[in-house]
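Heads up, the thing below is written out as structure tokens.
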Protein chains: 2
Amino acid sequence: MAKGNKRISIHDLAAELGLSVSTISRALNNASDVSDATKAQVWALAEKLNYQPNSMAASLRSGRSNILGVIVPHINGAFFPAVVHGIERLASQAGFNVMICQSSEEVGREVAHIKALLKAQVDGVLVSMSNTTRDYDHFEQVRRKGIPLVFFDRMPEMPNVCGVVADDYRGAYQLMEHLIGQGCRRIAHLAGPQHLNITYNRHKAYHDALLAHGLPYDEQLVVPLANSREKAGAAAMRQLLDGRIRPDAVFAAYDFAAAGALQVLEERGIRVPQDMALAGFSNEPFTTMVKPQLTSVDQQGERMGEAAVHLFLQLQKRSDTFTGQRIVLKPKLVVRGSSLYGQPAFAAQAINGPPPGL
Amino acid sequence: MAKGNKRISIHDLAAELGLSVSTISRALNNASDVSDATKAQVWALAEKLNYQPNSMAASLRSGRSNILGVIVPHINGAFFPAVVHGIERLASQAGFNVMICQSSEEVGREVAHIKALLKAQVDGVLVSMSNTTRDYDHFEQVRRKGIPLVFFDRMPEMPNVCGVVADDYRGAYQLMEHLIGQGCRRIAHLAGPQHLNITYNRHKAYHDALLAHGLPYDEQLVVPLANSREKAGAAAMRQLLDGRIRPDAVFAAYDFAAAGALQVLEERGIRVPQDMALAGFSNEPFTTMVKPQLTSVDQQGERMGEAAVHLFLQLQKRSDTFTGQRIVLKPKLVVRGSSLYGQPAFAAQAINGPPPGL
DNA sequence: ATGAAAGCGCTAACAC
DNA sequence: GTGTTAGCGCTTTCAT
């Protein structure tokens with residue numbers, strides 16, 4: 001009984017009302033050249049019969065699917081979810097459905113997802129590369145089909161790519177100036193992969209800021225992170241502490257890594273920020289939950305998502321020329337207890353008192 | 001130049017090879033009744049011409065889209081991302097593409113998403129209700145179309161619904177027994193919405209466990225949370241502390257709320273767990289980053305996702321009878337510093353007497 | 001303002 | 001094993 005209802009189509013509506021299918025179609029799409037009376041009839045009947053349009057058929061015929069494909073490396077942490085949220089908001093406002101895929105940082109899955117999205121005839125593809133992606137053929141394929149392609153956050157080194165990024169260099173540079181301004185002189189860096197624009201830029205800003213302030217760049221103070229998670233941060237921190245030089249500040253390329261580092265520091269009885277300042281990157285919500293609260297850089301995830309959709313819509317309009325348009329978002333330094341010695345009112349607890357343990 | 005390539009279809013392949021379209025179709029789908037030689041030819045040419053199948057056309061014809069629709073309330077925190085991950089893994093293994101949608105806890109968006117998924121001819125819908133959903137018409141509509149519908153975590157009160165849930169009651173009960181076993185006697189509860197199965201069960205277990213151990217259930221010790229976030233937890237904690245009775249333990253229905261509560265306790269100089277034990281629910285990653293680490297209950301997100309897909313696949317096979325099948329996952333209590341008095345090495349300063357006044 | 005008719009690209013009987 | 005054929009449900013000229 002539940003399924004006897006054979007799907008009802010515009011033909012059924014047409015028959016019922018004694019109209020032609022084309023009129024029904026036009027009415028349903030609210031075309032301008034249908035009388036209001038007819039529209040009303042059609043809408044009413046559609047409602048009554050609980051008519052569900054078949055978007056497959058529509059897409060097949062029209063060539064437009066109204067689906068936007070999105071590929072993110074993962075949805076851990078708060079950043080990518082925020083971006084996705086921004087994308088969904090604006091896209092659905094523009095009448096698009098969004099198909100979200102996770103590459104889980106594997107090129108293989110990224111390629112597979114691109115393929116699936118193309119099969120699904122998406123009208124556009126928004127992607128943030130996986131960190132194992134070194135070859136860009138699959139992206140080129142999207143463009144070759146004339147389908148708008150927009151990157152966000154993690155961009156490939158391709159000619160004429162469109163995309164939106166946060167100014168990681170600037171954010172990291174500001175962060176470094178803050179640390180230096182706090183009196184730190186031997187700042188270490190827990191570095192992300194150098195083939196990705198984002199982490200490359202964070203590292204480069206670290207380097208440049210040091211030199212610009214007359215401080216040496218010491219490779220011993222730069223430890224690569226195996227990934228962006230806590231454990232990797234903890235491991236890197238241990239490696240750093242076991243080295244010859246003891247830094248007086250650590251800039252981790254990710255908040256999660258910073259959190260891992262923080263735990264190691266606590267284990268070893270090194271006070272933050274008194275003995276060592278600490279800062280991360282991304283402004284994850286948990287940065288305000290740990291003790292001391294973590295200084296970080298906010299990447300404006302939601303705005304990034306919106307900007308990406310914006311770019312897509314533009315590209316769709318004038319699909320002839322794929323100008324390598326880029327939008328660069330200004331990140332925001334968020335200073336908290338983990339890098340603040342002294343004065344500010346609310347940070348009073350940060351400085352006085354002996355170490356909290358014991 | 002980039003877009004002159006008019007899409008190539010099986011007709012092009014057929015013409016090029018002097019075969020019929022049906023043979024091409026069969027070869028492409030690796031049907032058993034095509035000679036290997038032909039298959040090889042077809043595959044080769046498809047590769048060479050970079051043929052992309054059009055899944056819209058295939059779906060329209062076959063009636064199967066191979067798309068699985070998923071609706072989650074949000075992707076904050078780690079739980080829903082974990083579920084989604086589980087879903088994607090198993091679904092893609094079974095040859096399905098996944099379309100993820102966020103309702104953002106708004107029924108309106110949930111309804112809209114259901115509509116869009118139906119239009120897109122999805123083969124099944126997996127959903128975790130928004131917390132503003134009180135009416136289930138849109139879900140019924142899915143079933144009425146004969147489309148497999150599976151809930152996870154948050155289930156509606158509908159007859160014969162299929163779904164997979166964690167045993168929140170059991171998890172919360174174990175948590176309560178742990179607290180009581182630790183000597184807590186005036187345990188408070190920061191409660192989630194009571195119209196949702198999950199938070200209702202957490203509350204009910206709180207209630208039942210108290211009575212079962214001869215402790216009174218006191219409404220003054222139950223404070224409703226405005227939502228699942230930190231701020232709400234902080235607000236509820238303040239309200240609790242401003243009340244007449246000072247609890248010696250707090251069980252928050254969400255980890256984020258517990259984190260907010262923890263901050264308030266710190267502000268007020270109330271030591272955790274010595275003065276007051278604290279526990280949350282979900283086992284978010286940040287529970288190990290805060291100090292003290294938070295006791296919580298793990299909900300097995302990834303397994304829940306896999307189970308949901310499993311149910312869907314079953315439903316799809318025997319679509320005649322919609323048995324109200326349910327899978328219940330056993331949650332896991334994770335005891336950490338926030339509720340541990342005594343022995344363990346690092347907790348040397350433990351106090352076991354009655355809670356210090358004030 | 002409405003209708004007729006031709007497909008979009010593919011699959012699935014049914015023939016041979 | 002391969003070919004023929006008839007649509008899936010809709011949009012979209014082109015008529016009227």
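Ordering of the structure tokens sets the chain letters (A, B, ...), residue numbers begin anew at 1 in every chain, and ligands are numbered from 1 in the order given.
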Next item on the list: Give as JSON, numbers by chain every residue of chain A that touches chain B within 9 Å, counting only C-alpha atoms.
Entry: {"A": [1, 2, 3, 4, 5, 6, 7, 52, 53, 54, 55, 56, 57, 59, 60, 65, 74, 75, 76, 77, 78, 81, 82, 85, 88, 97, 98, 99, 100, 101, 102, 104, 113, 115, 116, 118, 119, 120, 121, 143, 144, 145, 146, 259, 260, 262, 263, 286, 289, 290, 291, 320, 358]}
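Least-squares superposition of chain A onto chain B, taking every C-alpha atom paired in order, leaves an RMSD of 2.3 Å.
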Check: Contacts of DT5 in chain D at 12 Å or less, counting only C-alpha atoms (C1' of nucleotides), minus same-chain residues fewer than 4 places along, as a PyMOL selection string?
Finding: (chain B and resi 20-22) or (chain C and resi 11-15)
Would you pick out the contacts of range 203-205 of chain B at 10 Å or less, using only C-alpha atoms (C1' of nucleotides), so that residues sharing its chain but fewer than 2 positions from it are not included, and give the list as a PDB file with N, CA and C atoms, in the first residue's frame?
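Output file out.pdb is given in full below:
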```
ATOM      1  N   ASP B 168      22.250   5.773  25.130  1.00  0.00           N
ATOM      2  CA  ASP B 168      22.555   6.918  25.983  1.00  0.00           C
ATOM      3  C   ASP B 168      22.171   6.663  27.423  1.00  0.00           C
ATOM      4  N   TYR B 169      21.068   5.960  27.575  1.00  0.00           N
ATOM      5  CA  TYR B 169      20.607   5.672  28.927  1.00  0.00           C
ATOM      6  C   TYR B 169      21.673   4.880  29.690  1.00  0.00           C
ATOM      7  N   ARG B 170      22.124   3.840  29.048  1.00  0.00           N
ATOM      8  CA  ARG B 170      23.120   2.995  29.687  1.00  0.00           C
ATOM      9  C   ARG B 170      24.424   3.744  29.957  1.00  0.00           C
ATOM     10  N   GLY B 171      24.840   4.519  28.967  1.00  0.00           N
ATOM     11  CA  GLY B 171      26.079   5.280  29.133  1.00  0.00           C
ATOM     12  C   GLY B 171      25.969   6.238  30.304  1.00  0.00           C
ATOM     13  N   ALA B 172      24.861   6.953  30.342  1.00  0.00           N
ATOM     14  CA  ALA B 172      24.664   7.924  31.410  1.00  0.00           C
ATOM     15  C   ALA B 172      24.539   7.226  32.765  1.00  0.00           C
ATOM     16  N   TYR B 173      23.900   6.079  32.738  1.00  0.00           N
ATOM     17  CA  TYR B 173      23.720   5.342  33.987  1.00  0.00           C
ATOM     18  C   TYR B 173      25.069   4.892  34.546  1.00  0.00           C
ATOM     19  N   GLN B 174      25.893   4.390  33.656  1.00  0.00           N
ATOM     20  CA  GLN B 174      27.234   3.973  34.084  1.00  0.00           C
ATOM     21  C   GLN B 174      28.015   5.154  34.648  1.00  0.00           C
ATOM     22  N   LEU B 175      27.867   6.256  33.960  1.00  0.00           N
ATOM     23  CA  LEU B 175      28.549   7.466  34.408  1.00  0.00           C
ATOM     24  C   LEU B 175      28.085   7.836  35.816  1.00  0.00           C
ATOM     25  N   MET B 176      26.778   7.767  36.022  1.00  0.00           N
ATOM     26  CA  MET B 176      26.223   8.104  37.330  1.00  0.00           C
ATOM     27  C   MET B 176      26.733   7.132  38.398  1.00  0.00           C
ATOM     28  N   GLU B 177      26.785   5.862  38.048  1.00  0.00           N
ATOM     29  CA  GLU B 177      27.271   4.891  39.031  1.00  0.00           C
ATOM     30  C   GLU B 177      28.728   5.162  39.379  1.00  0.00           C
ATOM     31  N   HIS B 189      22.595  17.949  37.342  1.00  0.00           N
ATOM     32  CA  HIS B 189      22.561  17.594  35.916  1.00  0.00           C
ATOM     33  C   HIS B 189      22.284  18.827  35.081  1.00  0.00           C
ATOM     34  N   LEU B 190      23.151  19.069  34.098  1.00  0.00           N
ATOM     35  CA  LEU B 190      22.866  20.117  33.118  1.00  0.00           C
ATOM     36  C   LEU B 190      22.208  19.379  31.963  1.00  0.00           C
ATOM     37  N   ALA B 191      20.923  19.650  31.777  1.00  0.00           N
ATOM     38  CA  ALA B 191      20.109  18.803  30.906  1.00  0.00           C
ATOM     39  C   ALA B 191      19.866  19.374  29.528  1.00  0.00           C
ATOM     40  N   GLY B 192      19.850  18.495  28.554  1.00  0.00           N
ATOM     41  CA  GLY B 192      19.506  18.883  27.187  1.00  0.00           C
ATOM     42  C   GLY B 192      18.001  18.862  27.014  1.00  0.00           C
ATOM     43  N   PRO B 193      17.530  19.158  25.814  1.00  0.00           N
ATOM     44  CA  PRO B 193      16.089  19.202  25.553  1.00  0.00           C
ATOM     45  C   PRO B 193      15.445  17.842  25.801  1.00  0.00           C
ATOM     46  N   GLN B 194      14.307  17.850  26.457  1.00  0.00           N
ATOM     47  CA  GLN B 194      13.671  16.591  26.837  1.00  0.00           C
ATOM     48  C   GLN B 194      12.809  15.963  25.752  1.00  0.00           C
ATOM     49  N   ASN B 197      15.202  12.050  22.134  1.00  0.00           N
ATOM     50  CA  ASN B 197      15.519  10.774  22.774  1.00  0.00           C
ATOM     51  C   ASN B 197      16.866  10.785  23.493  1.00  0.00           C
ATOM     52  N   ILE B 198      17.884  11.309  22.842  1.00  0.00           N
ATOM     53  CA  ILE B 198      19.211  11.195  23.422  1.00  0.00           C
ATOM     54  C   ILE B 198      19.323  11.905  24.766  1.00  0.00           C
ATOM     55  N   THR B 199      18.933  13.154  24.800  1.00  0.00           N
ATOM     56  CA  THR B 199      19.086  13.909  26.039  1.00  0.00           C
ATOM     57  C   THR B 199      18.025  13.547  27.066  1.00  0.00           C
ATOM     58  N   TYR B 200      16.886  13.094  26.570  1.00  0.00           N
ATOM     59  CA  TYR B 200      15.874  12.588  27.489  1.00  0.00           C
ATOM     60  C   TYR B 200      16.442  11.380  28.246  1.00  0.00           C
ATOM     61  N   ASN B 201      17.069  10.500  27.496  1.00  0.00           N
ATOM     62  CA  ASN B 201      17.619   9.299  28.112  1.00  0.00           C
ATOM     63  C   ASN B 201      18.756   9.594  29.089  1.00  0.00           C
ATOM     64  N   HIS B 207      18.212  10.388  36.701  1.00  0.00           N
ATOM     65  CA  HIS B 207      17.129  10.237  37.666  1.00  0.00           C
ATOM     66  C   HIS B 207      17.094   8.825  38.259  1.00  0.00           C
ATOM     67  N   ASP B 208      17.076   7.842  37.374  1.00  0.00           N
ATOM     68  CA  ASP B 208      16.936   6.465  37.832  1.00  0.00           C
ATOM     69  C   ASP B 208      18.122   6.012  38.677  1.00  0.00           C
ATOM     70  N   ALA B 209      19.296   6.424  38.270  1.00  0.00           N
ATOM     71  CA  ALA B 209      20.490   5.990  38.999  1.00  0.00           C
ATOM     72  C   ALA B 209      20.468   6.550  40.423  1.00  0.00           C
ATOM     73  N   LEU B 210      20.032   7.791  40.545  1.00  0.00           N
ATOM     74  CA  LEU B 210      19.951   8.397  41.883  1.00  0.00           C
ATOM     75  C   LEU B 210      19.037   7.558  42.775  1.00  0.00           C
ATOM     76  N   LEU B 211      17.829   7.345  42.279  1.00  0.00           N
ATOM     77  CA  LEU B 211      16.855   6.609  43.083  1.00  0.00           C
ATOM     78  C   LEU B 211      17.353   5.206  43.408  1.00  0.00           C
ATOM     79  N   VAL B 222      18.697  20.169  38.754  1.00  0.00           N
ATOM     80  CA  VAL B 222      18.623  19.932  37.307  1.00  0.00           C
ATOM     81  C   VAL B 222      18.419  21.258  36.589  1.00  0.00           C
ATOM     82  N   PHE B 251      26.915  16.456  36.195  1.00  0.00           N
ATOM     83  CA  PHE B 251      26.894  15.657  34.972  1.00  0.00           C
ATOM     84  C   PHE B 251      26.241  16.509  33.890  1.00  0.00           C
ATOM     85  N   ALA B 252      27.031  16.937  32.933  1.00  0.00           N
ATOM     86  CA  ALA B 252      26.513  17.764  31.837  1.00  0.00           C
ATOM     87  C   ALA B 252      26.169  16.863  30.660  1.00  0.00           C
ATOM     88  N   ALA B 253      25.069  17.185  29.997  1.00  0.00           N
ATOM     89  CA  ALA B 253      24.598  16.335  28.902  1.00  0.00           C
ATOM     90  C   ALA B 253      25.468  16.426  27.658  1.00  0.00           C
TER      91      ALA B 253
END
```
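Between CA of Phe281 in chain A and CA of Glu302 in chain A lies a distance of 16.1 Å.
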Next item on the list: Report as number ranges by chain the set of chain C residues whose atoms approach chain B to within 8 Å, with distances computed over only C-alpha atoms (C1' of nucleotides).
Entry: C: 8-11
Output C-alpha atoms (C1' of nucleotides) of each residue in that selection to a file, as a PDB file, in the first residue's frame.
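Okay, part_33.pdb is ready:
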```
ATOM      1  C1'  DC C   8      18.884  15.161 -23.361  1.00  0.00           C
ATOM      2  C1'  DG C   9      22.128  10.182 -22.672  1.00  0.00           C
ATOM      3  C1'  DC C  10      21.304   6.204 -21.138  1.00  0.00           C
ATOM      4  C1'  DT C  11      19.227   1.257 -20.036  1.00  0.00           C
TER       5       DT C  11
END
```
Checklist line | Contacts of range 309-318 of chain A within 9 Å, only C-alpha atoms (C1' of nucleotides), excl. fewer than 6 positions in-chain, as JSON, numbers by chain | finding: {"A": [86, 87, 88, 90, 91, 94, 123, 124, 125, 126, 147, 148, 149, 150, 162, 163, 164, 325, 326, 327]}
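Using only C-alpha atoms (C1' of nucleotides), the contacts of Ser282 in chain B at a cut-off of 7 Å, with sequence neighbours closer than 5 positions omitted, comprise Tyr254, Asp255, Ser296, Val297, Asp298 and Gln299 of chain B.
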Next item on the list: When you get a sec, could you note down which chain D residues fall within 8 Å of chain B, using only C-alpha atoms (C1' of nucleotides), as a list in words?
Entry: DG1, DT2, DG3, DC8 and DG9 of chain D
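Counting only C-alpha atoms (C1' of nucleotides), DT13 in chain D has the following residues at most 12 Å away, ignoring those fewer than 6 positions along the same chain: Ser22 of chain A; DA4, DA5, DA6 and DG7 of chain C.
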Check: How would you write, as a PyMOL selection string, the set of residues in range 107-308 of chain B that DSSP gives as strand (DSSP E or B)?
Finding: chain B and resi 124-127+149-152+162-166+187-191+222-224+249-252+277-279+282+295-298
Next, the residues of the selection above should be written as a compact mmCIF listing (two decimals), in the first residue's frame with N, CA and C atoms.
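Final output, saved to out.txt:
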```txt
# COMPACT_ATOMS: atom_id res chain seq x y z
N GLY B 124 18.13 6.58 -0.88
CA GLY B 124 17.87 6.39 0.53
C GLY B 124 18.19 7.67 1.29
N VAL B 125 17.63 7.79 2.48
CA VAL B 125 17.86 8.97 3.29
C VAL B 125 18.24 8.56 4.71
N LEU B 126 19.38 9.07 5.15
CA LEU B 126 19.80 8.83 6.53
C LEU B 126 19.71 10.16 7.25
N VAL B 127 19.06 10.19 8.39
CA VAL B 127 18.92 11.48 9.05
C VAL B 127 18.99 11.43 10.56
N LEU B 149 14.45 4.82 4.70
CA LEU B 149 14.70 5.93 5.61
C LEU B 149 15.29 5.39 6.90
N VAL B 150 16.47 5.87 7.22
CA VAL B 150 17.14 5.38 8.42
C VAL B 150 17.55 6.56 9.30
N PHE B 151 17.24 6.48 10.55
CA PHE B 151 17.66 7.54 11.48
C PHE B 151 18.91 7.13 12.22
N PHE B 152 19.64 8.11 12.69
CA PHE B 152 20.75 7.77 13.57
C PHE B 152 20.84 8.81 14.67
N CYS B 162 13.22 2.86 11.44
CA CYS B 162 14.48 2.14 11.51
C CYS B 162 15.55 3.12 11.95
N GLY B 163 16.52 2.63 12.68
CA GLY B 163 17.56 3.55 13.05
C GLY B 163 18.61 2.93 13.93
N VAL B 164 19.67 3.69 14.13
CA VAL B 164 20.72 3.23 15.01
C VAL B 164 21.01 4.33 16.03
N VAL B 165 21.06 3.91 17.27
CA VAL B 165 21.31 4.86 18.35
C VAL B 165 22.38 4.31 19.27
N ALA B 166 22.99 5.21 19.99
CA ALA B 166 23.85 4.77 21.07
C ALA B 166 22.93 4.58 22.27
N ILE B 187 24.52 15.15 43.22
CA ILE B 187 24.93 15.28 41.83
C ILE B 187 23.93 16.12 41.06
N ALA B 188 24.44 17.10 40.34
CA ALA B 188 23.56 17.95 39.55
C ALA B 188 23.60 17.50 38.09
N HIS B 189 22.60 17.95 37.34
CA HIS B 189 22.56 17.59 35.92
C HIS B 189 22.28 18.83 35.08
N LEU B 190 23.15 19.07 34.10
CA LEU B 190 22.87 20.12 33.12
C LEU B 190 22.21 19.38 31.96
N ALA B 191 20.92 19.65 31.78
CA ALA B 191 20.11 18.80 30.91
C ALA B 191 19.87 19.37 29.53
N VAL B 222 18.70 20.17 38.75
CA VAL B 222 18.62 19.93 37.31
C VAL B 222 18.42 21.26 36.59
N VAL B 223 19.40 21.65 35.81
CA VAL B 223 19.32 22.94 35.11
C VAL B 223 19.29 22.69 33.60
N PRO B 224 18.30 23.22 32.92
CA PRO B 224 18.22 23.01 31.48
C PRO B 224 19.27 23.84 30.74
N ALA B 249 28.95 17.22 42.51
CA ALA B 249 29.31 16.69 41.20
C ALA B 249 28.31 17.22 40.18
N VAL B 250 28.77 17.35 38.95
CA VAL B 250 27.90 17.82 37.88
C VAL B 250 28.05 16.91 36.68
N PHE B 251 26.91 16.46 36.20
CA PHE B 251 26.89 15.66 34.97
C PHE B 251 26.24 16.51 33.89
N ALA B 252 27.03 16.94 32.93
CA ALA B 252 26.51 17.76 31.84
C ALA B 252 26.17 16.86 30.66
N ALA B 277 33.11 17.23 41.32
CA ALA B 277 33.45 16.39 40.16
C ALA B 277 32.66 16.88 38.96
N LEU B 278 33.13 16.52 37.78
CA LEU B 278 32.48 17.02 36.56
C LEU B 278 32.59 15.96 35.48
N ALA B 279 31.53 15.82 34.72
CA ALA B 279 31.57 14.87 33.61
C ALA B 279 30.69 15.36 32.48
N SER B 282 30.03 12.59 25.21
CA SER B 282 30.41 12.53 23.79
C SER B 282 31.87 12.17 23.54
N THR B 295 35.97 13.55 32.22
CA THR B 295 35.31 12.25 32.14
C THR B 295 34.13 12.38 31.18
N SER B 296 33.94 11.36 30.37
CA SER B 296 32.87 11.46 29.38
C SER B 296 32.39 10.09 28.93
N VAL B 297 31.48 10.07 27.99
CA VAL B 297 30.98 8.81 27.46
C VAL B 297 31.16 8.82 25.95
N ASP B 298 31.80 7.81 25.44
CA ASP B 298 32.04 7.75 24.00
C ASP B 298 30.87 7.12 23.27
```
Checklist line | Atom pair CA of Tyr136 in chain A / CA of Pro156 in chain A: separation (Å) | finding: 7.4 Å
